[in-house]
file upload-v1.cif (mmCIF, C-alpha atoms)
data_work
#
loop_
_atom_site.label_atom_id
_atom_site.label_comp_id
_atom_site.auth_asym_id
_atom_site.auth_seq_id
_atom_site.Cartn_x
_atom_site.Cartn_y
_atom_site.Cartn_z
CA MET A 1 -138.22 -206.16 82.21
CA ASP A 2 -138.82 -209.89 82.28
CA ALA A 3 -140.48 -211.84 85.07
CA THR A 4 -137.24 -213.30 86.43
CA GLN A 5 -135.62 -209.91 86.90
CA LEU A 6 -138.82 -208.54 88.38
CA ALA A 7 -138.97 -211.37 90.89
CA LEU A 8 -135.33 -210.77 91.85
CA TRP A 9 -135.91 -207.09 92.48
CA LEU A 10 -139.09 -207.88 94.36
CA ASP A 11 -137.28 -210.27 96.68
CA ARG A 12 -134.37 -207.92 97.14
CA LEU A 13 -136.13 -204.60 97.67
CA GLY A 14 -139.82 -205.34 98.25
CA ALA A 15 -139.77 -205.35 102.05
CA ALA A 16 -137.37 -202.39 102.26
CA LEU A 17 -139.63 -200.38 99.98
CA VAL A 18 -142.64 -201.23 102.14
CA LEU A 19 -140.74 -199.86 105.15
CA TYR A 20 -139.82 -196.81 103.08
CA ALA A 21 -143.45 -196.22 102.04
CA ARG A 22 -144.70 -196.67 105.60
CA GLN A 23 -143.15 -193.35 106.50
CA TRP A 24 -146.02 -191.64 104.72
CA CYS A 25 -148.96 -193.86 103.96
CA ASP A 26 -151.12 -196.53 105.51
CA CYS A 27 -151.22 -198.79 102.45
CA PRO A 28 -147.51 -199.36 101.78
CA ASP A 29 -147.94 -202.86 100.35
CA ASP A 30 -150.34 -201.63 97.67
CA VAL A 31 -148.05 -198.76 96.79
CA VAL A 32 -145.02 -201.03 96.46
CA GLN A 33 -146.92 -203.62 94.42
CA GLU A 34 -148.04 -200.93 92.02
CA ALA A 35 -144.47 -199.69 91.73
CA PHE A 36 -143.30 -203.16 90.77
CA LEU A 37 -146.08 -203.42 88.20
CA ARG A 38 -144.85 -200.19 86.69
CA LEU A 39 -141.30 -201.53 86.78
CA ALA A 40 -142.43 -204.47 84.64
CA ALA A 41 -143.32 -202.05 81.87
CA ALA A 42 -140.26 -199.84 82.33
CA ASP A 43 -136.56 -200.37 81.93
CA PRO A 44 -134.79 -197.87 84.16
CA GLU A 45 -131.01 -197.70 84.36
CA ASN A 46 -130.87 -197.43 88.14
CA VAL A 47 -133.62 -199.74 89.35
CA PRO A 48 -133.27 -199.15 93.14
CA ALA A 49 -133.31 -195.36 92.76
CA TRP A 50 -136.19 -195.55 90.28
CA LEU A 51 -138.23 -197.76 92.62
CA HIS A 52 -137.61 -195.51 95.61
CA ARG A 53 -138.69 -192.46 93.60
CA VAL A 54 -141.87 -194.12 92.32
CA VAL A 55 -142.75 -195.47 95.77
CA ARG A 56 -142.10 -192.09 97.38
CA HIS A 57 -144.43 -190.25 94.98
CA ALA A 58 -147.13 -192.90 95.22
CA ALA A 59 -146.91 -193.05 99.01
CA LEU A 60 -147.19 -189.28 99.31
CA ASP A 61 -150.22 -189.34 96.99
CA ALA A 62 -151.76 -192.14 99.02
CA ALA A 63 -151.05 -190.23 102.23
CA ARG A 64 -152.88 -187.20 100.88
CA ALA A 65 -155.87 -189.39 100.03
CA ALA A 66 -155.71 -191.14 103.41
CA ARG A 67 -155.65 -187.84 105.24
CA ARG A 68 -159.21 -187.40 104.07
CA ARG A 69 -160.24 -190.86 105.22
CA ARG A 70 -158.28 -190.96 108.49
CA THR A 71 -157.50 -194.65 108.65
CA HIS A 72 -153.90 -194.35 109.71
CA GLU A 73 -154.45 -195.81 113.19
CA THR A 74 -154.95 -199.41 112.03
CA ALA A 75 -151.83 -199.43 109.87
CA ALA A 76 -149.67 -197.90 112.57
CA ALA A 77 -150.40 -200.85 114.84
CA ARG A 78 -148.45 -203.17 112.54
CA PRO A 79 -144.76 -203.61 113.51
CA LEU A 80 -142.10 -202.18 111.23
CA PHE A 81 -139.87 -205.26 111.32
CA VAL A 82 -140.32 -208.98 111.34
CA PRO A 83 -140.52 -209.90 115.04
CA VAL A 84 -137.57 -211.87 116.35
CA ALA A 85 -137.96 -214.17 119.35
CA ASP A 86 -134.92 -213.16 121.38
CA ASP A 87 -134.90 -209.41 120.83
CA PRO A 88 -135.10 -207.33 124.00
CA ASP A 89 -134.77 -203.90 122.31
CA GLY A 90 -136.94 -204.60 119.25
CA GLU A 91 -139.84 -202.44 120.35
CA ALA A 92 -137.51 -199.68 121.51
CA ILE A 93 -135.85 -199.54 118.10
CA GLU A 94 -139.20 -199.35 116.36
CA ARG A 95 -140.39 -196.57 118.64
CA ALA A 96 -137.13 -194.67 118.17
CA ILE A 97 -137.31 -194.95 114.37
CA GLN A 98 -140.91 -193.79 114.33
CA ALA A 99 -140.04 -190.88 116.59
CA LEU A 100 -137.34 -189.60 114.22
CA PRO A 101 -138.09 -186.42 112.28
CA ALA A 102 -139.24 -187.29 108.76
CA ASP A 103 -136.31 -185.57 107.04
CA LEU A 104 -133.84 -187.63 109.10
CA ARG A 105 -135.72 -190.91 108.94
CA GLU A 106 -136.01 -191.00 105.15
CA PRO A 107 -132.24 -191.12 104.38
CA LEU A 108 -131.82 -193.69 107.15
CA VAL A 109 -134.46 -196.04 105.74
CA ALA A 110 -133.38 -195.55 102.14
CA HIS A 111 -129.72 -196.23 102.94
CA LEU A 112 -129.89 -198.94 105.60
CA TRP A 113 -132.66 -201.12 104.20
CA GLY A 114 -133.06 -199.83 100.62
CA GLY A 115 -129.31 -199.95 100.01
CA LEU A 116 -129.32 -196.64 98.16
CA PRO A 117 -126.04 -194.70 98.05
CA PHE A 118 -126.16 -191.09 99.19
CA SER A 119 -125.58 -189.97 95.60
CA ASP A 120 -129.06 -191.37 94.86
CA ILE A 121 -130.67 -190.36 98.15
CA GLY A 122 -129.77 -186.69 97.68
CA PRO A 123 -131.78 -186.21 94.45
CA LEU A 124 -134.53 -188.43 95.83
CA VAL A 125 -135.18 -186.23 98.87
CA GLY A 126 -134.33 -182.98 97.11
CA THR A 127 -130.97 -182.25 98.72
CA SER A 128 -127.32 -182.73 97.93
CA PRO A 129 -125.71 -186.12 98.64
CA ALA A 130 -123.65 -184.48 101.39
CA THR A 131 -126.77 -183.19 103.12
CA ALA A 132 -128.41 -186.60 102.82
CA HIS A 133 -125.35 -188.16 104.43
CA ARG A 134 -125.31 -185.59 107.22
CA ARG A 135 -129.01 -186.27 107.96
CA TYR A 136 -128.32 -189.99 108.03
CA ARG A 137 -125.58 -189.45 110.62
CA GLU A 138 -127.88 -187.24 112.66
CA ALA A 139 -130.57 -189.91 112.56
CA LEU A 140 -128.12 -192.52 113.83
CA GLU A 141 -127.03 -190.24 116.65
CA LEU A 142 -130.60 -189.58 117.67
CA LEU A 143 -131.35 -193.30 117.62
CA ARG A 144 -128.29 -194.03 119.71
CA THR A 145 -129.33 -191.43 122.24
CA GLN A 146 -132.86 -192.80 122.39
CA LEU A 147 -131.72 -196.40 122.78
CA GLU A 148 -129.10 -195.64 125.43
CA ARG A 149 -131.67 -193.80 127.51
CA PRO A 150 -132.72 -196.07 130.40
CA MET B 1 -117.39 -193.61 103.79
CA ASN B 2 -117.15 -194.69 107.39
CA GLU B 3 -117.31 -198.35 108.37
CA PRO B 4 -120.73 -199.35 109.66
CA ASN B 5 -120.82 -199.11 113.43
CA ASP B 6 -122.55 -201.45 115.81
CA LEU B 7 -125.86 -199.62 115.71
CA GLU B 8 -125.92 -199.69 111.92
CA ARG B 9 -125.26 -203.42 111.97
CA ARG B 10 -128.02 -203.99 114.51
CA LEU B 11 -130.47 -201.98 112.48
CA ARG B 12 -129.53 -203.52 109.16
CA ALA B 13 -130.02 -207.00 110.62
CA ARG B 14 -133.71 -206.31 111.02
CA GLN B 15 -135.96 -207.48 108.25
CA PRO B 16 -138.72 -205.00 107.34
CA LEU B 17 -142.17 -206.49 107.64
CA ALA B 18 -144.07 -206.57 104.37
CA GLU B 19 -147.26 -208.19 103.24
CA LEU B 20 -146.49 -208.18 99.57
CA ASP B 21 -148.38 -210.66 97.43
CA ARG B 22 -145.48 -211.79 95.29
CA ASP B 23 -147.55 -214.11 93.10
CA HIS B 24 -150.14 -211.43 92.50
CA VAL B 25 -147.48 -208.91 91.46
CA LEU B 26 -145.84 -211.31 89.01
CA TYR B 27 -149.16 -212.46 87.61
CA GLU B 28 -150.51 -208.95 87.21
CA ALA B 29 -147.24 -207.73 85.66
CA GLY B 30 -147.36 -210.55 83.11
CA ARG B 31 -151.00 -209.87 82.35
CA ARG B 32 -150.37 -206.16 81.77
CA VAL B 33 -147.35 -206.80 79.57
CA GLY B 34 -149.31 -209.37 77.56
CA ARG B 35 -152.22 -207.00 77.13
CA ARG B 36 -149.91 -204.25 75.95
CA GLU B 37 -148.09 -206.48 73.49
CA GLY B 38 -151.32 -207.93 72.13
CA ARG B 39 -152.75 -204.53 71.35
CA SER B 40 -153.04 -204.18 67.59
CA VAL B 41 -152.20 -200.99 65.77
CA LEU B 42 -154.98 -201.69 63.26
CA TRP B 43 -157.81 -199.91 65.04
CA PRO B 44 -155.85 -196.86 66.14
CA LEU B 45 -154.54 -196.56 62.58
CA ALA B 46 -158.01 -196.94 61.08
CA THR B 47 -159.35 -194.32 63.48
CA LEU B 48 -156.54 -191.97 62.55
CA VAL B 49 -157.09 -192.38 58.82
CA SER B 50 -160.86 -191.96 59.02
CA THR B 51 -160.51 -188.90 61.20
CA ALA B 52 -158.03 -187.36 58.78
CA LEU B 53 -160.35 -188.08 55.86
CA ALA B 54 -163.31 -186.56 57.68
CA ILE B 55 -161.29 -183.40 58.33
CA VAL B 56 -160.19 -183.18 54.69
CA PHE B 57 -163.76 -183.62 53.41
CA ALA B 58 -165.11 -181.11 55.90
CA LEU B 59 -162.53 -178.54 54.83
CA GLN B 60 -163.25 -179.26 51.18
CA LEU B 61 -166.96 -178.76 51.78
CA ALA B 62 -166.44 -175.58 53.76
CA LEU B 63 -164.10 -174.00 51.22
CA ARG B 64 -166.08 -174.98 48.11
CA GLU B 65 -167.62 -172.14 46.01
CA ALA B 66 -171.41 -171.98 45.94
CA PRO B 67 -172.86 -173.54 42.72
CA ARG B 68 -173.82 -170.95 40.03
CA GLU B 69 -177.53 -170.48 39.32
CA PRO B 70 -178.53 -171.30 35.68
CA GLU B 71 -179.01 -168.11 33.63
CA THR B 72 -182.62 -167.51 32.63
CA LEU B 73 -184.17 -164.87 30.39
CA ASP B 74 -187.15 -162.99 31.68
CA ARG B 75 -188.75 -162.38 28.30
CA VAL B 76 -188.43 -163.63 24.78
CA PRO B 77 -186.94 -161.07 22.44
CA PRO B 78 -189.61 -159.70 20.08
CA VAL B 79 -189.81 -161.18 16.64
CA ALA B 80 -189.33 -158.74 13.81
CA ALA B 81 -192.64 -157.23 12.69
CA THR B 82 -192.06 -157.69 9.01
CA SER B 83 -191.81 -161.24 7.99
CA THR B 84 -189.82 -162.25 5.03
CA LEU B 85 -191.80 -165.39 4.53
CA PRO B 86 -193.84 -165.50 1.28
CA PRO B 87 -197.64 -165.19 1.72
CA VAL B 88 -199.32 -168.52 2.06
CA VAL B 89 -202.18 -167.53 -0.23
CA ALA B 90 -201.51 -165.95 -3.60
CA PRO B 91 -202.80 -162.35 -3.95
CA VAL B 92 -205.07 -163.29 -6.89
CA THR B 93 -206.72 -166.06 -4.93
CA ARG B 94 -207.16 -163.71 -1.96
CA GLN B 95 -208.92 -161.19 -4.30
CA TRP B 96 -211.36 -163.89 -5.57
CA GLU B 97 -211.93 -165.00 -2.01
CA GLN B 98 -212.78 -161.48 -0.89
CA ARG B 99 -215.18 -161.02 -3.93
CA VAL B 100 -216.98 -164.26 -3.06
CA LEU B 101 -217.34 -163.13 0.53
CA ASP B 102 -218.67 -159.77 -0.57
CA GLU B 103 -220.84 -160.66 -3.59
CA GLY B 104 -221.56 -164.31 -3.30
CA LEU B 105 -220.92 -167.11 -5.79
CA GLU B 106 -222.35 -165.01 -8.62
CA ALA B 107 -219.17 -163.05 -8.59
CA LEU B 108 -217.44 -166.06 -10.10
CA GLY B 109 -219.64 -165.78 -13.30
CA PRO B 110 -221.51 -168.54 -15.13
CA LEU B 111 -220.12 -172.05 -14.54
CA THR B 112 -218.73 -173.76 -17.66
CA PRO B 113 -218.88 -177.56 -17.98
CA LEU B 114 -215.56 -179.31 -17.56
CA ALA B 115 -214.01 -180.94 -20.58
CA PRO B 116 -214.53 -184.72 -20.65
CA ALA B 117 -211.72 -186.53 -19.05
CA ARG B 118 -209.33 -188.48 -21.24
CA THR B 119 -209.29 -192.19 -20.58
CA THR B 120 -206.51 -193.32 -22.89
CA PHE B 121 -202.91 -192.34 -22.57
CA HIS B 122 -199.89 -193.16 -24.64
CA THR B 123 -196.61 -194.38 -23.28
CA GLY B 124 -194.51 -191.52 -21.97
CA GLU B 125 -197.42 -189.04 -22.14
CA PHE B 126 -198.59 -189.35 -18.57
CA LYS B 127 -196.51 -187.25 -16.27
#
call {"tool": "encode", "arguments": {"input": "upload-v1.cif", "output": "structure tokens"}}
result
Amino acid sequence: MDATQLALWLDRLGAALVLYARQWCDCPDDVVQEAFLRLAAADPENVPAWLHRVVRHAALDAARAARRRRTHETAAARPLFVPVADDPDGEAIERAIQALPADLREPLVAHLWGGLPFSDIGPLVGTSPATAHRRYREALELLRTQLERP
Amino acid sequence: MNEPNDLERRLRARQPLAELDRDHVLYEAGRRVGRREGRSVLWPLATLVSTALAIVFALQLALREAPREPETLDRVPPVAATSTLPPVVAPVTRQWEQRVLDEGLEALGPLTPLAPARTTFHTGEFK
């Protein structure tokens, strides 16, 4: 893959993949950068699905290593999203997303910000596309409930 | 697929926070690709060939038959006791020799003076 294409994918999916990796590890930027370096040497057919898979594996590996070091607290203090000035429910959304069960949060992040279709999310998380879609809907419902709570 | 609802739109509008070093990624990707492309096949090939040759020679050495010892004889076969060679000394001479040893020079009898030597020769006479 040439540098122009790599830069395009980096701009398009870099931040979403960092959010995706943050579900597991405390060094999501490093994991995503390494995934893009591997992408430079590879030529996958489905680049978004390939990147999500590589990031997922690397983030899980990094999480296993971090579990021994216990440095998750510092990374967790960083916000998930770029802060917006006039955003009353920004913190509530972040808290609600972080409070989601992992199996519901992953399809949500991969679909909403990664742009992956459920036909790719299913194999990625080890379920059928229908199950991935159902979990996504459940995640949205849980978020709605959390955010509507006074 | 359902149309995105209001919550989905609100969520999607948020930009995930990332601290990616874009320049570093592009630089490092280019460096790795360049290093991979610049890698010559010469040394791996040379290593492969020399390893294969070493294996062949080692097998050849291991499977070679031990060299045969040169055949040596422990003893020389005995020479036949009776020689067919003619005696070096004539029997008559040996008899005179034995008589001189036994009886002394007198056994040879009185010495007779030698005939005077000829000093002139004719052509074709001297042989």
call {"tool": "residues_around", "arguments": {"input": "upload-v1.cif", "residues": "Val47 (chain A)", "least_positions_apart": "3", "cutoff": "12 Å", "atoms": "all atoms listed in the file", "output": "PyMOL selection string"}}
result
chain A and resi 1+5-6+8-10+12-13+35-36+38-40+42-44+50-55+114-116+120
call {"tool": "resolve_selection", "arguments": {"input": "upload-v1.cif", "expression": "the PyMOL selection byres ((chain B) within 9 of (chain A))", "output": "list in words"}}
result
Leu7, Glu8, Leu11, Arg12, Arg14, Gln15, Pro16, Leu17, Ala18, Glu19, Leu20, Asp21, Arg22, His24, Val25, Leu26, Glu28, Ala29, Gly30, Arg32 and Val33 of chain B
call {"tool": "resolve_selection", "arguments": {"input": "upload-v1.cif", "expression": "the PyMOL selection byres ((chain A and resi 61) around 12)", "output": "ChimeraX atom specification"}}
result
/A:21,24-28,31,54-60,62-68
call {"tool": "atom_distance", "arguments": {"input": "upload-v1.cif", "atom1": "CA of Arg135 (chain A)", "atom2": "CA of Leu104 (chain A)"}}
result
5.1 Å
call {"tool": "closest_residue", "arguments": {"input": "upload-v1.cif", "among": "A:Asp103, A:Glu91, A:Gln146, A:Ala77", "to": "Thr131 (chain A)", "atoms": "all atoms listed in the file"}}
result
A:Asp103
call {"tool": "atom_distance", "arguments": {"input": "upload-v1.cif", "atom1": "CA of Pro48 (chain A)", "atom2": "CA of Ile121 (chain A)"}}
result
10.4 Å
call {"tool": "build_atoms", "arguments": {"input": "upload-v1.cif", "residues": "region 32-53 of chain B", "atoms": "N, CA and C atoms", "output": "PDB file, in the frame of the given file"}}
result
ATOM      1  N   ARG B  32    -150.418-207.508  82.353  1.00  0.00           N
ATOM      2  CA  ARG B  32    -150.370-206.160  81.770  1.00  0.00           C
ATOM      3  C   ARG B  32    -149.445-206.109  80.564  1.00  0.00           C
ATOM      4  N   VAL B  33    -148.296-206.781  80.689  1.00  0.00           N
ATOM      5  CA  VAL B  33    -147.350-206.800  79.570  1.00  0.00           C
ATOM      6  C   VAL B  33    -147.989-207.512  78.374  1.00  0.00           C
ATOM      7  N   GLY B  34    -148.658-208.634  78.634  1.00  0.00           N
ATOM      8  CA  GLY B  34    -149.310-209.370  77.560  1.00  0.00           C
ATOM      9  C   GLY B  34    -150.394-208.565  76.892  1.00  0.00           C
ATOM     10  N   ARG B  35    -151.140-207.824  77.695  1.00  0.00           N
ATOM     11  CA  ARG B  35    -152.220-207.000  77.130  1.00  0.00           C
ATOM     12  C   ARG B  35    -151.643-205.891  76.263  1.00  0.00           C
ATOM     13  N   ARG B  36    -150.520-205.320  76.722  1.00  0.00           N
ATOM     14  CA  ARG B  36    -149.910-204.250  75.950  1.00  0.00           C
ATOM     15  C   ARG B  36    -149.329-204.754  74.648  1.00  0.00           C
ATOM     16  N   GLU B  37    -148.701-205.928  74.705  1.00  0.00           N
ATOM     17  CA  GLU B  37    -148.090-206.480  73.490  1.00  0.00           C
ATOM     18  C   GLU B  37    -149.143-206.936  72.494  1.00  0.00           C
ATOM     19  N   GLY B  38    -150.280-207.421  73.006  1.00  0.00           N
ATOM     20  CA  GLY B  38    -151.320-207.930  72.130  1.00  0.00           C
ATOM     21  C   GLY B  38    -152.146-206.840  71.472  1.00  0.00           C
ATOM     22  N   ARG B  39    -151.932-205.624  71.883  1.00  0.00           N
ATOM     23  CA  ARG B  39    -152.750-204.530  71.350  1.00  0.00           C
ATOM     24  C   ARG B  39    -152.349-204.255  69.898  1.00  0.00           C
ATOM     25  N   SER B  40    -153.326-204.369  68.997  1.00  0.00           N
ATOM     26  CA  SER B  40    -153.040-204.180  67.590  1.00  0.00           C
ATOM     27  C   SER B  40    -153.014-202.695  67.249  1.00  0.00           C
ATOM     28  N   VAL B  41    -152.234-202.377  66.208  1.00  0.00           N
ATOM     29  CA  VAL B  41    -152.200-200.990  65.770  1.00  0.00           C
ATOM     30  C   VAL B  41    -153.271-200.737  64.713  1.00  0.00           C
ATOM     31  N   LEU B  42    -154.007-201.813  64.351  1.00  0.00           N
ATOM     32  CA  LEU B  42    -154.980-201.690  63.260  1.00  0.00           C
ATOM     33  C   LEU B  42    -156.053-200.645  63.577  1.00  0.00           C
ATOM     34  N   TRP B  43    -156.683-200.801  64.742  1.00  0.00           N
ATOM     35  CA  TRP B  43    -157.810-199.910  65.040  1.00  0.00           C
ATOM     36  C   TRP B  43    -157.370-198.472  65.281  1.00  0.00           C
ATOM     37  N   PRO B  44    -156.294-198.253  66.024  1.00  0.00           N
ATOM     38  CA  PRO B  44    -155.850-196.860  66.140  1.00  0.00           C
ATOM     39  C   PRO B  44    -155.511-196.242  64.781  1.00  0.00           C
ATOM     40  N   LEU B  45    -154.906-197.069  63.907  1.00  0.00           N
ATOM     41  CA  LEU B  45    -154.540-196.560  62.580  1.00  0.00           C
ATOM     42  C   LEU B  45    -155.794-196.239  61.773  1.00  0.00           C
ATOM     43  N   ALA B  46    -156.774-197.161  61.817  1.00  0.00           N
ATOM     44  CA  ALA B  46    -158.010-196.940  61.080  1.00  0.00           C
ATOM     45  C   ALA B  46    -158.726-195.699  61.592  1.00  0.00           C
ATOM     46  N   THR B  47    -158.712-195.511  62.890  1.00  0.00           N
ATOM     47  CA  THR B  47    -159.350-194.320  63.480  1.00  0.00           C
ATOM     48  C   THR B  47    -158.649-193.054  63.002  1.00  0.00           C
ATOM     49  N   LEU B  48    -157.327-193.130  62.975  1.00  0.00           N
ATOM     50  CA  LEU B  48    -156.540-191.970  62.550  1.00  0.00           C
ATOM     51  C   LEU B  48    -156.851-191.604  61.104  1.00  0.00           C
ATOM     52  N   VAL B  49    -156.862-192.632  60.251  1.00  0.00           N
ATOM     53  CA  VAL B  49    -157.090-192.380  58.820  1.00  0.00           C
ATOM     54  C   VAL B  49    -158.492-191.817  58.601  1.00  0.00           C
ATOM     55  N   SER B  50    -159.496-192.426  59.240  1.00  0.00           N
ATOM     56  CA  SER B  50    -160.860-191.960  59.020  1.00  0.00           C
ATOM     57  C   SER B  50    -161.060-190.550  59.561  1.00  0.00           C
ATOM     58  N   THR B  51    -160.404-190.250  60.657  1.00  0.00           N
ATOM     59  CA  THR B  51    -160.510-188.900  61.200  1.00  0.00           C
ATOM     60  C   THR B  51    -159.870-187.882  60.259  1.00  0.00           C
ATOM     61  N   ALA B  52    -158.709-188.256  59.720  1.00  0.00           N
ATOM     62  CA  ALA B  52    -158.030-187.360  58.780  1.00  0.00           C
ATOM     63  C   ALA B  52    -158.886-187.135  57.542  1.00  0.00           C
ATOM     64  N   LEU B  53    -159.499-188.208  57.040  1.00  0.00           N
ATOM     65  CA  LEU B  53    -160.350-188.080  55.860  1.00  0.00           C
ATOM     66  C   LEU B  53    -161.555-187.183  56.149  1.00  0.00           C
TER      67      LEU B  53
END
